[in-house]
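As stored in target.cif (mmCIF, C-alpha atoms):
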data_target
#
loop_
_atom_site.label_atom_id
_atom_site.label_comp_id
_atom_site.auth_asym_id
_atom_site.auth_seq_id
_atom_site.Cartn_x
_atom_site.Cartn_y
_atom_site.Cartn_z
CA MET A 1 104.90 104.94 133.89
CA SER A 2 108.22 106.77 133.83
CA THR A 3 108.47 109.70 131.47
CA ARG A 4 112.25 109.64 131.10
CA ARG A 5 115.04 107.13 130.57
CA THR A 6 118.79 107.55 130.31
CA PHE A 7 121.05 105.21 128.34
CA LEU A 8 124.79 105.06 128.85
CA VAL A 9 126.10 103.77 125.56
CA ALA A 10 129.58 102.32 125.68
CA GLY A 11 132.07 103.16 122.96
CA ALA A 12 129.83 105.70 121.33
CA ALA A 13 132.44 107.01 118.94
CA THR A 14 131.66 104.45 116.25
CA ALA A 15 128.65 102.44 115.18
CA ALA A 16 130.44 99.16 115.84
CA GLY A 17 131.25 100.19 119.39
CA VAL A 18 127.71 100.83 120.61
CA ALA A 19 126.98 97.84 122.81
CA ALA A 20 123.56 99.01 124.04
CA SER A 21 121.96 99.17 120.60
CA ALA A 22 120.68 96.42 118.31
CA PRO A 23 120.05 96.12 114.58
CA VAL A 24 116.77 97.54 113.30
CA SER A 25 114.16 94.79 113.71
CA ALA A 26 111.98 93.37 110.95
CA ALA A 27 108.18 93.47 111.04
CA PRO A 28 106.50 90.58 112.90
CA PRO A 29 104.55 87.94 110.93
CA ASP A 30 100.96 88.93 110.12
CA ARG A 31 98.63 86.09 109.14
CA GLU A 32 95.76 88.40 108.28
CA LEU A 33 98.00 90.31 105.89
CA ASP A 34 99.02 87.00 104.29
CA ARG A 35 95.33 86.27 103.65
CA ILE A 36 94.80 89.76 102.21
CA LEU A 37 97.68 89.35 99.78
CA ARG A 38 96.38 85.97 98.60
CA GLU A 39 92.93 87.41 97.85
CA ILE A 40 94.20 90.03 95.38
CA ASP A 41 93.11 88.67 91.99
CA PRO A 42 94.84 89.42 88.65
CA ASP A 43 91.68 88.41 86.75
CA ARG A 44 89.62 91.01 88.58
CA ILE A 45 92.30 93.61 87.89
CA GLU A 46 92.21 92.78 84.19
CA ALA A 47 88.42 93.11 84.18
CA ILE A 48 88.63 96.56 85.79
CA VAL A 49 91.20 97.85 83.29
CA ARG A 50 89.28 96.53 80.29
CA LYS A 51 86.03 98.02 81.57
CA LEU A 52 87.62 101.44 82.00
CA VAL A 53 89.12 101.21 78.50
CA SER A 54 85.65 100.35 77.12
CA PHE A 55 84.42 103.88 77.83
CA GLY A 56 86.42 105.08 74.82
CA THR A 57 87.86 108.19 76.40
CA ARG A 58 87.99 109.29 80.00
CA HIS A 59 89.31 112.74 79.21
CA THR A 60 88.39 115.28 81.89
CA LEU A 61 86.65 117.42 79.26
CA SER A 62 84.70 114.50 77.73
CA ALA A 63 80.99 113.80 78.19
CA GLN A 64 79.68 113.59 81.73
CA ASP A 65 76.11 112.50 80.90
CA ASP A 66 76.63 109.80 78.28
CA PRO A 67 75.95 106.38 79.87
CA ALA A 68 78.43 104.55 77.63
CA ARG A 69 81.27 106.89 76.67
CA GLY A 70 83.32 109.50 78.44
CA ILE A 71 84.46 110.36 81.92
CA GLY A 72 80.94 110.51 83.33
CA ALA A 73 80.25 106.90 82.41
CA ALA A 74 83.56 105.85 83.98
CA ARG A 75 82.80 107.86 87.12
CA ASP A 76 79.38 106.25 87.56
CA TRP A 77 80.74 102.73 87.05
CA ILE A 78 83.55 103.22 89.56
CA PHE A 79 81.08 104.64 92.07
CA ALA A 80 78.69 101.69 91.65
CA GLU A 81 81.51 99.15 92.01
CA LEU A 82 82.88 100.76 95.17
CA GLN A 83 79.36 100.91 96.61
CA ARG A 84 79.04 97.19 95.91
CA HIS A 85 82.26 96.51 97.81
CA ALA A 86 81.10 98.77 100.66
CA ALA A 87 77.95 96.67 101.04
CA ALA A 88 80.14 93.88 102.43
CA SER A 89 81.70 96.11 105.10
CA ALA A 90 78.88 96.08 107.68
CA GLY A 91 78.68 99.86 107.42
CA ARG A 92 82.38 100.54 107.96
CA MET A 93 82.99 101.67 104.36
CA THR A 94 81.24 104.67 102.84
CA VAL A 95 81.50 105.90 99.25
CA GLU A 96 81.06 109.44 97.98
CA GLN A 97 81.38 111.49 94.82
CA GLN A 98 83.39 114.57 95.71
CA SER A 99 82.56 117.11 93.00
CA PHE A 100 83.64 120.68 92.40
CA ILE A 101 83.74 123.15 89.51
CA GLN A 102 87.23 123.76 88.18
CA PRO A 103 87.54 127.35 86.89
CA VAL A 104 89.11 128.18 83.54
CA SER A 105 92.82 127.32 83.53
CA PRO A 106 95.47 126.61 80.88
CA ARG A 107 94.11 123.08 80.27
CA VAL A 108 90.48 123.73 81.18
CA PRO A 109 88.93 126.11 78.62
CA ALA A 110 85.55 126.41 80.37
CA PRO A 111 84.36 125.84 83.95
CA THR A 112 84.21 122.05 84.30
CA ARG A 113 82.84 119.69 86.92
CA ILE A 114 85.52 117.33 88.23
CA THR A 115 84.57 114.41 90.45
CA ASN A 116 86.64 112.22 92.73
CA VAL A 117 85.15 108.88 93.76
CA ILE A 118 86.23 108.14 97.33
CA ALA A 119 85.70 105.02 99.45
CA THR A 120 86.53 105.45 103.14
CA LEU A 121 86.98 102.43 105.43
CA ARG A 122 86.70 103.71 108.98
CA GLY A 123 89.29 102.49 111.46
CA ARG A 124 88.25 100.39 114.42
CA THR A 125 90.34 101.90 117.24
CA THR A 126 92.11 105.01 115.89
CA PRO A 127 89.81 106.25 113.11
CA GLN A 128 91.25 109.76 113.31
CA ARG A 129 94.50 108.45 111.80
CA VAL A 130 94.15 108.22 107.98
CA TYR A 131 96.06 106.55 105.13
CA VAL A 132 95.17 107.38 101.51
CA VAL A 133 95.78 105.52 98.24
CA THR A 134 94.82 106.90 94.81
CA GLY A 135 94.78 106.21 91.09
CA HIS A 136 93.52 108.72 88.50
CA TYR A 137 90.74 107.63 86.18
CA ASP A 138 91.00 110.39 83.57
CA SER A 139 93.00 109.72 80.39
CA ARG A 140 94.46 111.61 77.42
CA VAL A 141 96.01 111.28 73.95
CA SER A 142 98.82 113.21 72.24
CA ASP A 143 96.95 116.52 72.41
CA VAL A 144 96.09 117.07 76.07
CA MET A 145 93.09 119.18 74.98
CA ASP A 146 91.60 116.49 72.70
CA ALA A 147 88.51 115.15 74.47
CA VAL A 148 87.12 113.36 71.39
CA LYS A 149 89.62 110.72 70.22
CA ASP A 150 89.77 107.32 71.91
CA ALA A 151 92.05 107.58 74.94
CA PRO A 152 92.17 104.06 76.38
CA GLY A 153 94.52 104.95 79.25
CA ALA A 154 95.07 101.32 80.19
CA ASP A 155 98.44 101.81 81.89
CA ASP A 156 98.01 105.55 82.56
CA ASP A 157 96.08 105.16 84.69
CA ALA A 158 93.44 102.44 84.62
CA SER A 159 96.16 100.27 86.16
CA GLY A 160 96.32 102.51 89.23
CA VAL A 161 92.54 102.68 89.51
CA ALA A 162 92.42 98.88 89.32
CA VAL A 163 94.85 98.75 92.24
CA ILE A 164 92.73 100.96 94.49
CA MET A 165 89.48 99.24 93.50
CA GLU A 166 90.86 95.77 94.15
CA LEU A 167 92.25 96.92 97.48
CA ALA A 168 88.84 98.35 98.40
CA ARG A 169 87.19 95.02 97.55
CA VAL A 170 89.62 92.91 99.55
CA LEU A 171 89.85 95.23 102.56
CA ALA A 172 86.15 96.13 102.83
CA THR A 173 85.52 93.02 104.95
CA ARG A 174 88.45 93.74 107.27
CA GLN A 175 88.64 95.92 110.37
CA PRO A 176 91.85 97.96 110.23
CA GLU A 177 92.75 99.87 113.36
CA SER A 178 93.09 103.15 111.44
CA THR A 179 91.12 104.62 108.54
CA LEU A 180 91.94 103.71 104.94
CA VAL A 181 90.86 105.80 101.94
CA PHE A 182 90.69 104.43 98.38
CA ALA A 183 90.22 107.22 95.84
CA ALA A 184 89.82 107.37 92.07
CA VAL A 185 90.64 110.98 91.26
CA ALA A 186 90.07 112.96 88.05
CA GLY A 187 91.66 115.98 86.40
CA GLU A 188 95.19 114.64 86.83
CA GLU A 189 96.20 115.06 83.19
CA GLN A 190 94.84 118.63 83.15
CA GLY A 191 96.77 119.69 86.25
CA LEU A 192 96.30 117.43 89.30
CA TYR A 193 92.99 119.20 89.92
CA GLY A 194 91.08 116.34 91.51
CA SER A 195 93.77 115.42 94.01
CA ASP A 196 94.45 119.09 94.69
CA HIS A 197 90.83 119.61 95.73
CA MET A 198 90.83 116.41 97.77
CA ALA A 199 94.04 117.23 99.63
CA GLN A 200 92.85 120.76 100.41
CA ALA A 201 89.53 119.43 101.73
CA TYR A 202 91.44 117.14 104.09
CA ARG A 203 93.72 119.97 105.18
CA ASP A 204 90.76 122.30 105.81
CA ALA A 205 89.16 119.60 107.96
CA GLY A 206 92.38 119.09 109.94
CA THR A 207 92.57 115.43 108.89
CA ASP A 208 95.57 113.55 110.26
CA ILE A 209 96.80 111.92 107.05
CA GLN A 210 99.98 110.07 107.97
CA ALA A 211 100.67 108.59 104.51
CA MET A 212 99.42 108.93 100.95
CA PHE A 213 100.33 106.81 97.92
CA SER A 214 99.63 107.60 94.27
CA ASN A 215 99.55 104.61 91.91
CA ASP A 216 100.21 106.10 88.49
CA ILE A 217 101.41 103.96 85.56
CA VAL A 218 101.79 100.61 87.32
CA GLY A 219 100.75 98.41 84.39
CA THR A 220 103.84 96.39 83.50
CA GLY A 221 107.32 95.42 84.61
CA SER A 222 108.51 95.46 81.00
CA GLY A 223 108.99 98.45 78.75
CA HIS A 224 108.14 96.30 75.69
CA ASP A 225 111.18 97.79 74.00
CA GLY A 226 113.57 94.85 74.04
CA THR A 227 115.13 95.75 77.36
CA ARG A 228 115.45 93.40 80.31
CA PRO A 229 112.08 93.18 82.06
CA GLU A 230 111.74 93.76 85.79
CA PRO A 231 108.50 91.93 86.58
CA ARG A 232 109.07 92.00 90.33
CA THR A 233 110.18 95.60 90.80
CA VAL A 234 108.13 98.74 91.36
CA ARG A 235 109.55 102.20 91.83
CA LEU A 236 108.54 104.36 94.79
CA PHE A 237 109.39 108.04 94.39
CA VAL A 238 109.90 109.84 97.72
CA GLU A 239 111.06 113.40 98.10
CA GLY A 240 113.83 114.47 100.45
CA VAL A 241 113.45 118.15 101.31
CA PRO A 242 109.73 118.57 102.02
CA THR A 243 107.79 120.45 99.37
CA ALA A 244 106.00 122.38 102.12
CA GLU A 245 109.17 123.31 104.01
CA THR A 246 109.09 126.84 105.43
CA THR A 247 111.95 129.31 105.19
CA ALA A 248 112.70 128.87 108.89
CA GLU A 249 112.76 125.09 108.54
CA ALA A 250 115.08 125.38 105.54
CA ASN A 251 117.50 127.52 107.52
CA VAL A 252 117.66 124.90 110.29
CA ARG A 253 118.07 122.05 107.82
CA ARG A 254 120.96 123.78 106.06
CA SER A 255 122.70 124.03 109.42
CA VAL A 256 122.17 120.55 110.88
CA GLY A 257 121.15 118.35 107.94
CA GLY A 258 118.00 116.35 107.43
CA GLU A 259 117.71 116.37 103.64
CA ASN A 260 117.25 112.60 103.80
CA ASP A 261 114.96 112.53 106.82
CA GLY A 262 111.70 114.21 105.79
CA PRO A 263 108.42 112.39 106.50
CA SER A 264 108.18 111.06 102.95
CA ARG A 265 111.68 109.55 103.14
CA GLN A 266 110.69 107.83 106.36
CA LEU A 267 107.57 106.54 104.60
CA GLY A 268 109.74 105.12 101.83
CA ARG A 269 111.89 103.31 104.36
CA PHE A 270 108.78 101.87 106.00
CA VAL A 271 107.38 100.59 102.69
CA LYS A 272 110.70 98.98 101.78
CA ALA A 273 110.91 97.28 105.19
CA ASN A 274 107.38 95.87 104.74
CA GLU A 275 107.54 94.82 101.08
CA PRO A 276 105.85 91.45 100.47
CA ALA A 277 107.73 88.37 99.33
CA GLY A 278 108.15 88.18 95.57
CA MET A 279 108.29 91.93 95.01
CA SER A 280 111.07 94.50 95.37
CA VAL A 281 110.36 98.16 96.02
CA ARG A 282 113.00 100.32 94.39
CA VAL A 283 112.92 103.50 96.44
CA VAL A 284 113.97 106.49 94.34
CA TRP A 285 115.04 109.58 96.24
CA ARG A 286 113.21 112.07 94.05
CA ARG A 287 109.78 113.66 94.22
CA ASP A 288 108.99 112.28 90.74
CA ARG A 289 110.50 111.61 87.33
CA TYR A 290 111.94 114.34 85.12
CA LEU A 291 109.24 116.47 83.43
CA ARG A 292 106.45 114.52 85.15
CA GLY A 293 104.27 114.67 88.24
CA SER A 294 101.43 112.82 89.91
CA ASP A 295 98.73 113.24 92.53
CA HIS A 296 101.03 112.73 95.52
CA ILE A 297 102.35 116.24 94.86
CA SER A 298 98.97 117.70 95.85
CA PHE A 299 99.38 116.10 99.27
CA LEU A 300 103.03 117.09 99.60
CA LEU A 301 102.02 120.70 99.03
CA ARG A 302 99.78 120.45 102.12
CA GLY A 303 102.54 118.99 104.27
CA TYR A 304 101.36 115.37 104.17
CA PRO A 305 103.86 112.49 103.74
CA ALA A 306 103.25 111.14 100.23
CA ALA A 307 104.91 108.99 97.57
CA ARG A 308 104.32 107.72 94.05
CA PHE A 309 104.36 104.10 92.83
CA THR A 310 105.19 103.60 89.16
CA GLU A 311 106.51 100.81 86.96
CA PRO A 312 110.31 100.33 86.63
CA ARG A 313 110.72 101.21 82.96
CA GLU A 314 108.13 103.11 80.93
CA ASN A 315 107.48 102.84 77.21
CA PHE A 316 106.52 106.32 76.04
CA ASP A 317 105.00 104.96 72.81
CA HIS A 318 102.20 103.74 75.08
CA GLU A 319 101.67 106.91 77.13
CA HIS A 320 99.95 110.14 76.08
CA GLN A 321 99.71 108.92 72.47
CA ASP A 322 97.01 108.76 69.80
CA VAL A 323 96.15 105.15 69.03
CA ARG A 324 97.77 104.42 65.66
CA VAL A 325 100.29 102.29 63.79
CA GLU A 326 103.19 104.29 62.39
CA ASN A 327 106.20 102.77 60.58
CA GLY A 328 105.11 99.39 61.87
CA VAL A 329 105.02 100.58 65.50
CA GLN A 330 101.83 100.38 67.55
CA TYR A 331 101.24 103.55 69.53
CA GLY A 332 98.64 104.11 72.22
CA ASP A 333 97.93 103.11 75.81
CA LEU A 334 96.22 99.79 75.06
CA PRO A 335 95.37 96.88 77.38
CA GLU A 336 97.59 94.45 75.46
CA PHE A 337 100.61 96.26 76.87
CA CYS A 338 99.57 95.61 80.48
CA ASP A 339 100.63 92.66 82.64
CA TRP A 340 97.77 91.69 84.97
CA ALA A 341 99.95 89.60 87.28
CA TYR A 342 102.34 92.53 87.62
CA ILE A 343 99.56 94.95 88.57
CA ALA A 344 98.38 92.42 91.16
CA ARG A 345 101.88 92.34 92.63
CA VAL A 346 101.90 96.14 92.83
CA ALA A 347 98.53 95.95 94.58
CA ARG A 348 100.09 93.57 97.10
CA VAL A 349 102.90 96.04 97.76
CA ASN A 350 100.26 98.70 98.44
CA ALA A 351 98.26 96.34 100.62
CA ALA A 352 101.30 95.40 102.68
CA ALA A 353 102.18 99.05 103.24
CA LEU A 354 98.65 100.24 104.01
CA TRP A 355 97.75 97.35 106.31
CA SER A 356 101.06 97.56 108.18
CA LEU A 357 100.64 101.31 108.64
CA ALA A 358 97.03 101.02 109.77
CA GLN A 359 97.72 98.24 112.28
CA ALA A 360 100.88 99.77 113.77
CA PRO A 361 100.91 102.77 116.09
CA GLY A 362 100.95 106.18 114.47
CA THR A 363 104.15 108.04 113.66
CA PRO A 364 105.32 109.82 116.84
CA LYS A 365 104.40 113.49 117.03
CA GLY A 366 106.26 116.44 118.48
CA VAL A 367 109.67 114.78 118.37
CA VAL A 368 112.43 117.22 119.28
CA ILE A 369 116.13 117.00 120.03
CA ASP A 370 117.36 119.18 122.87
CA THR A 371 119.76 121.80 121.50
CA THR A 372 119.54 124.25 124.39
CA ARG A 373 123.06 123.47 125.60
CA LEU A 374 126.36 122.06 124.40
CA THR A 375 126.69 118.41 125.43
CA ASN A 376 128.20 115.17 124.19
CA ASP A 377 125.00 113.25 124.80
CA THR A 378 121.57 113.50 123.18
CA THR A 379 118.16 114.13 124.73
CA LEU A 380 115.01 113.39 122.70
CA ARG A 381 111.42 114.25 123.63
CA TRP A 382 108.06 113.44 122.05
CA GLN A 383 104.33 113.31 122.72
CA ARG A 384 102.83 110.02 123.85
CA GLY A 385 100.41 108.46 121.37
CA THR A 386 96.81 107.55 122.22
CA GLU A 387 96.67 104.02 120.78
CA PRO A 388 95.22 101.55 123.31
CA ASP A 389 97.82 98.90 122.39
CA LEU A 390 100.82 101.23 122.53
CA ALA A 391 103.70 99.44 124.28
CA GLY A 392 106.34 102.15 124.04
CA TYR A 393 109.03 103.61 121.83
CA GLU A 394 112.37 102.91 120.22
CA VAL A 395 115.17 105.31 119.43
CA VAL A 396 116.89 104.55 116.12
CA TRP A 397 120.08 106.02 114.80
CA ARG A 398 122.55 105.78 111.95
CA GLU A 399 125.78 107.26 110.72
CA THR A 400 125.19 110.50 108.78
CA THR A 401 126.45 108.81 105.61
CA ALA A 402 124.19 105.75 105.93
CA PRO A 403 120.98 105.58 103.86
CA ASP A 404 118.93 103.53 106.36
CA TRP A 405 118.58 103.18 110.11
CA GLN A 406 121.29 100.96 111.54
CA HIS A 407 120.69 100.67 115.29
CA THR A 408 117.77 100.46 117.71
CA ILE A 409 117.60 101.33 121.40
CA PRO A 410 114.40 100.20 123.19
CA ALA A 411 113.17 103.16 125.25
CA GLY A 412 110.03 101.78 126.88
CA ASP A 413 106.83 103.71 127.52
CA VAL A 414 108.45 107.09 128.11
CA THR A 415 108.45 110.47 126.41
CA THR A 416 112.02 111.57 127.13
CA VAL A 417 115.28 109.71 126.52
CA THR A 418 118.91 110.70 127.00
CA VAL A 419 121.49 108.69 125.07
CA ASP A 420 125.24 108.87 125.70
CA LEU A 421 125.90 109.46 122.02
CA SER A 422 126.64 112.83 120.45
CA LYS A 423 123.85 114.38 118.37
CA ASP A 424 126.60 116.03 116.33
CA ASN A 425 127.88 112.71 115.00
CA VAL A 426 124.78 110.70 113.97
CA PHE A 427 121.15 111.06 112.92
CA PHE A 428 118.44 110.04 115.38
CA GLY A 429 114.80 109.07 115.04
CA VAL A 430 111.94 107.80 117.20
CA ARG A 431 109.26 105.22 116.40
CA ALA A 432 106.36 103.72 118.32
CA VAL A 433 105.87 100.00 119.03
CA ASP A 434 102.70 98.11 120.01
CA PHE A 435 102.37 94.98 122.13
CA THR A 436 102.57 92.69 119.08
CA GLY A 437 105.84 94.25 117.89
CA ARG A 438 104.40 96.34 115.08
CA ARG A 439 106.42 99.49 114.53
CA SER A 440 105.43 102.89 113.17
CA PRO A 441 107.37 104.87 110.61
CA VAL A 442 110.24 106.82 112.15
CA ALA A 443 109.91 110.48 113.05
CA ALA A 444 113.08 112.52 112.78
CA PRO A 445 113.49 115.14 115.52
CA ARG A 446 113.50 118.87 115.07
CA PRO A 447 115.83 121.06 117.16
CA SER A 448 114.04 122.28 120.27
#
In structure tokens, write the structure found in this file.
Amino acid sequence: MSTRRTFLVAGAATAAGVAASAPVSAAPPDRELDRILREIDPDRIEAIVRKLVSFGTRHTLSAQDDPARGIGAARDWIFAELQRHAAASAGRMTVEQQSFIQPVSPRVPAPTRITNVIATLRGRTTPQRVYVVTGHYDSRVSDVMDAVKDAPGADDDASGVAVIMELARVLATRQPESTLVFAAVAGEEQGLYGSDHMAQAYRDAGTDIQAMFSNDIVGTGSGHDGTRPEPRTVRLFVEGVPTAETTAEANVRRSVGGENDGPSRQLGRFVKANEPAGMSVRVVWRRDRYLRGSDHISFLLRGYPAARFTEPRENFDHEHQDVRVENGVQYGDLPEFCDWAYIARVARVNAAALWSLAQAPGTPKGVVIDTTRLTNDTTLRWQRGTEPDLAGYEVVWRETTAPDWQHTIPAGDVTTVTVDLSKDNVFFGVRAVDFTGRRSPVAAPRPS
């Protein structure tokens, strides 16, 4: 195996003149993924949401020992259901309750036990590589401290929990190459406490999480407010400048660019490229909506690539509201405002992303661009991955004003490439390819 290749690219001054490159290729057909998508069941999703609503309130400060009402009852039911799905996995899926005591904080008036319910499906060939998907099972009403009133939380966020539970059911019988984690987290409405604990536990363990998705408010493609519905669109919020960027990294970025090339942006591009038929992922270049946040932020804070799925147009009468009728308007986060077929389509978007990530090679590590000397060409280096089916790498590039990758140069199974194209004029990236043509997310280089 050669460790270096050199490409002489003709007419490198403009994108149109680069004869040695090709358009960015689409993902190859995947029959197993097609079967997975067909098995996702809107009726099961409806049953999950209605069961979670039946616990009355799932407020983080509600009862933990009542078998019928409160967050404890919801926790125990989710745990039992995920264990039932794990029983079909031939031992590959394990389920745990990850509990901790949250100290007093602005929205937690007394030390409170918070529990995440986590199902882990161990990968077959590269189990050390991990992909996480979450929904939060706690709920709230108008007063975030009110743990007594009914807080159905159908859209926010029983819909997201239904997504991860249905994915766990469908994927439990499969054998992904990498590890998948399906987590119902708590404490989100009080301050992202459940996901914060979970992300820190992974960071402390040195877990190689290469993508994390939060499904939060994914219940309907219609705002129920007379506006045009978007039943086949889901938003994906992806940050640009990494939340965990250091001062030194910020100084480099301000000099050479890269605001649109952080790991989460690359993840958003990957999801868009692998969206299933019948659904459109609207990638939004923001960390989250104005005045709001979700559990992906806990992972961003630890330096993990993460993004948030949410419905295209929210109706705020049905979020964070006491259940009531006022001036003829129904308020409250009730099941009748959810669209079960829509949630199933969002689950399919998640499934397509997770399965494609798990089956492809991992995102290249240690990618650098040689800046030790002034040249009109570009040298890229990276570390070779350990996947047994790794075929090699591709260099991708685009004009600095282009939102997505425009050109691909096959590099082969090497770890160094020199391209006769100026690093000062375009943005470069590197991705891995396996023998079936599956491609990893792109890794943007850092200056050496």
**OP:** Would you write out, as a list in words, every residue that the PyMOL selection byres ((chain A and resi 257) around 12) captures in this file?
**Re:**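 Going through the file, the PyMOL selection byres ((chain A and resi 257) around 12) ends up selecting Gly240, Val241, Glu249, Ala250, Asn251, Val252, Arg253, Arg254, Ser255, Val256, Gly258, Glu259, Asn260, Asp261, Gly262, Thr400, Thr401, Lys423, Asp424, Asn425, Val426, Phe427, Phe428, Ala444, Pro445, Arg446 and Pro447 of chain A.
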**OP:** Around the point (99.3, 99.9, 124.6) in the file's coordinates, collect all residues with an atom within 12 Å, using only C-alpha atoms, and return them as a PyMOL selection string.
**Re:** chain A and resi 1+125+360-361+384-393+412-413+432-438
Original post:
Which is closer to A:Ile78 than all the others in A:Thr94, A:Asn116, A:Thr246, A:Thr57, using only C-alpha atoms?
Top reply: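 Checking each of A:Thr94, A:Asn116, A:Thr246, A:Thr57 against A:Ile78, counting only C-alpha atoms, the winner is A:Asn116.
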Original post:
Applied to this file, what does the PyMOL selection byres ((chain A and resi 49) around 10) return in terms of residues, put as a list in words?
Top reply: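 Applied to this file, the PyMOL selection byres ((chain A and resi 49) around 10) selects Arg44, Ile45, Glu46, Ala47, Ile48, Arg50, Lys51, Leu52, Val53, Ser54, Pro152, Gly153, Ala154, Asp155, Asp157, Ala158, Ser159, Gly160, Val161, Ala162, Val163, Gly219, Leu334, Pro335, Cys338 and Trp340 of chain A.
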Subject >> A:Ala119 surroundings by all atoms listed in the file, 7 Å radius, close-in-sequence under 5 positions cut, as a list in words >> reply: Leu82, Met93, Thr94, Val95, Glu96, Val181, Phe182 and Ala183 of chain A
Could you give me, as JSON lines, every stretch 227-305 of chain A residue with an atom at most 10 Å from stretch 363-383 of chain A, plus its closest atom pair and distance in Å to one decimal, counting all atoms listed in the file, rows ordered by chain then number?
{"residue": "A:Pro263", "atom": "CA", "partner": "A:Thr363", "partner_atom": "CA", "distance": 9.4}
{"residue": "A:Gln266", "atom": "CA", "partner": "A:Thr363", "partner_atom": "CA", "distance": 9.8}
{"residue": "A:Leu267", "atom": "CA", "partner": "A:Thr363", "partner_atom": "CA", "distance": 9.8}
Original post:
On this structure, which residues satisfy the PyMOL selection byres ((chain A and resi 169) around 9), written as a list in words?
Top reply: Ile40, Glu81, Leu82, Arg84, His85, Ala86, Ala88, Ile164, Met165, Glu166, Leu167, Ala168, Val170, Leu171, Ala172 and Thr173 of chain A
**OP:** Determine, counting all atoms listed in the file, every residue of protein, DNA or RNA that lies within 8 Å of (111.9, 99.9, 86.5) in the file coordinates, then give the result as a PyMOL selection string.
**Re:** chain A and resi 221-222+230+233-235+282+311-314
Go ahead and dump the residues you just picked, C-alpha atoms, as a JSON list (two decimals), keeping the file's coordinate frame.
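New file again-v5.json:
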[["chain", "number", "residue", "atom", "x", "y", "z"],
["A", 221, "GLY", "CA", 107.32, 95.42, 84.61],
["A", 222, "SER", "CA", 108.51, 95.46, 81.00],
["A", 230, "GLU", "CA", 111.74, 93.76, 85.79],
["A", 233, "THR", "CA", 110.18, 95.60, 90.80],
["A", 234, "VAL", "CA", 108.13, 98.74, 91.36],
["A", 235, "ARG", "CA", 109.55, 102.20, 91.83],
["A", 282, "ARG", "CA", 113.00, 100.32, 94.39],
["A", 311, "GLU", "CA", 106.51, 100.81, 86.96],
["A", 312, "PRO", "CA", 110.31, 100.33, 86.63],
["A", 313, "ARG", "CA", 110.72, 101.21, 82.96],
["A", 314, "GLU", "CA", 108.13, 103.11, 80.93]]
**OP:** For A:Val396, please output as a list in words all residues within 8 Å (counting all atoms listed in the file; exclusion window: fewer than 5 positions along the same chain).
**Re:** Val24, Trp405, Gln406, His407, Thr408, Ile409, Phe428, Gly429, Val430 and Arg431 of chain A
Subject >> Among listed residues A:Gly187, A:Gly303, A:Pro231, A:Gly268, nearest A:Thr207 (using all atoms listed in the file) >> reply: A:Gly303
**OP:** Could you check how far atom CA of A:Ala277 sits from atom CA of A:Asp295, in Å to one decimal?
**Re:**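 Pair atom CA of A:Ala277 / atom CA of A:Asp295 returns 27.3 Å.
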**OP:** Tell me, as an MDAnalysis selection string, which residues lie within 10 Å of A:Phe237, counting all atoms listed in the file; anything in the same chain fewer than 6 positions away does not count.
**Re:** chainID A and resid 213:214 264:265 268 282:289 296 306:310
Write a file of the just-selected residues containing C-alpha atoms, as a compact mmCIF listing (two decimals), in the coordinates of the input.
# COMPACT_ATOMS: atom_id res chain seq x y z
CA PHE A 213 100.33 106.81 97.92
CA SER A 214 99.63 107.60 94.27
CA SER A 264 108.18 111.06 102.95
CA ARG A 265 111.68 109.55 103.14
CA GLY A 268 109.74 105.12 101.83
CA ARG A 282 113.00 100.32 94.39
CA VAL A 283 112.92 103.50 96.44
CA VAL A 284 113.97 106.49 94.34
CA TRP A 285 115.04 109.58 96.24
CA ARG A 286 113.21 112.07 94.05
CA ARG A 287 109.78 113.66 94.22
CA ASP A 288 108.99 112.28 90.74
CA ARG A 289 110.50 111.61 87.33
CA HIS A 296 101.03 112.73 95.52
CA ALA A 306 103.25 111.14 100.23
CA ALA A 307 104.91 108.99 97.57
CA ARG A 308 104.32 107.72 94.05
CA PHE A 309 104.36 104.10 92.83
CA THR A 310 105.19 103.60 89.16
Original post:
Any idea what the distance is between atom CA of A:Ala27 and atom CA of A:Pro410?
Top reply: 15.2 Å
**OP:** In Å, rounded to a single decimal, give me how far atom CA of A:Val108 is from atom CA of A:Ser62.
**Re:**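 Result for atom CA of A:Ser62 versus atom CA of A:Val108: 11.4 Å, one decimal.
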Original post:
Within 7 Å of stretch 348-359 of chain A, counting all atoms listed in the file, which residues qualify if same-chain residues fewer than 3 places away don't, as number ranges by chain?
Top reply: A: 33, 37, 131, 167, 176-178, 271, 274-276, 344-345, 440
Original post:
Which is closest to A:Tyr137 among A:Ile114, A:Val104, A:Val419, A:Met279, if we use all atoms listed in the file?
Top reply: A:Ile114
**OP:** Find the residues near A:Leu180: any atom within 6 Å, counting only C-alpha atoms, skip ones fewer than 2 places away on the same chain, and give them as a list in words.
**Re:**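 Selected residues are Thr120, Leu121, Val130, Tyr131 and Val132 of chain A.
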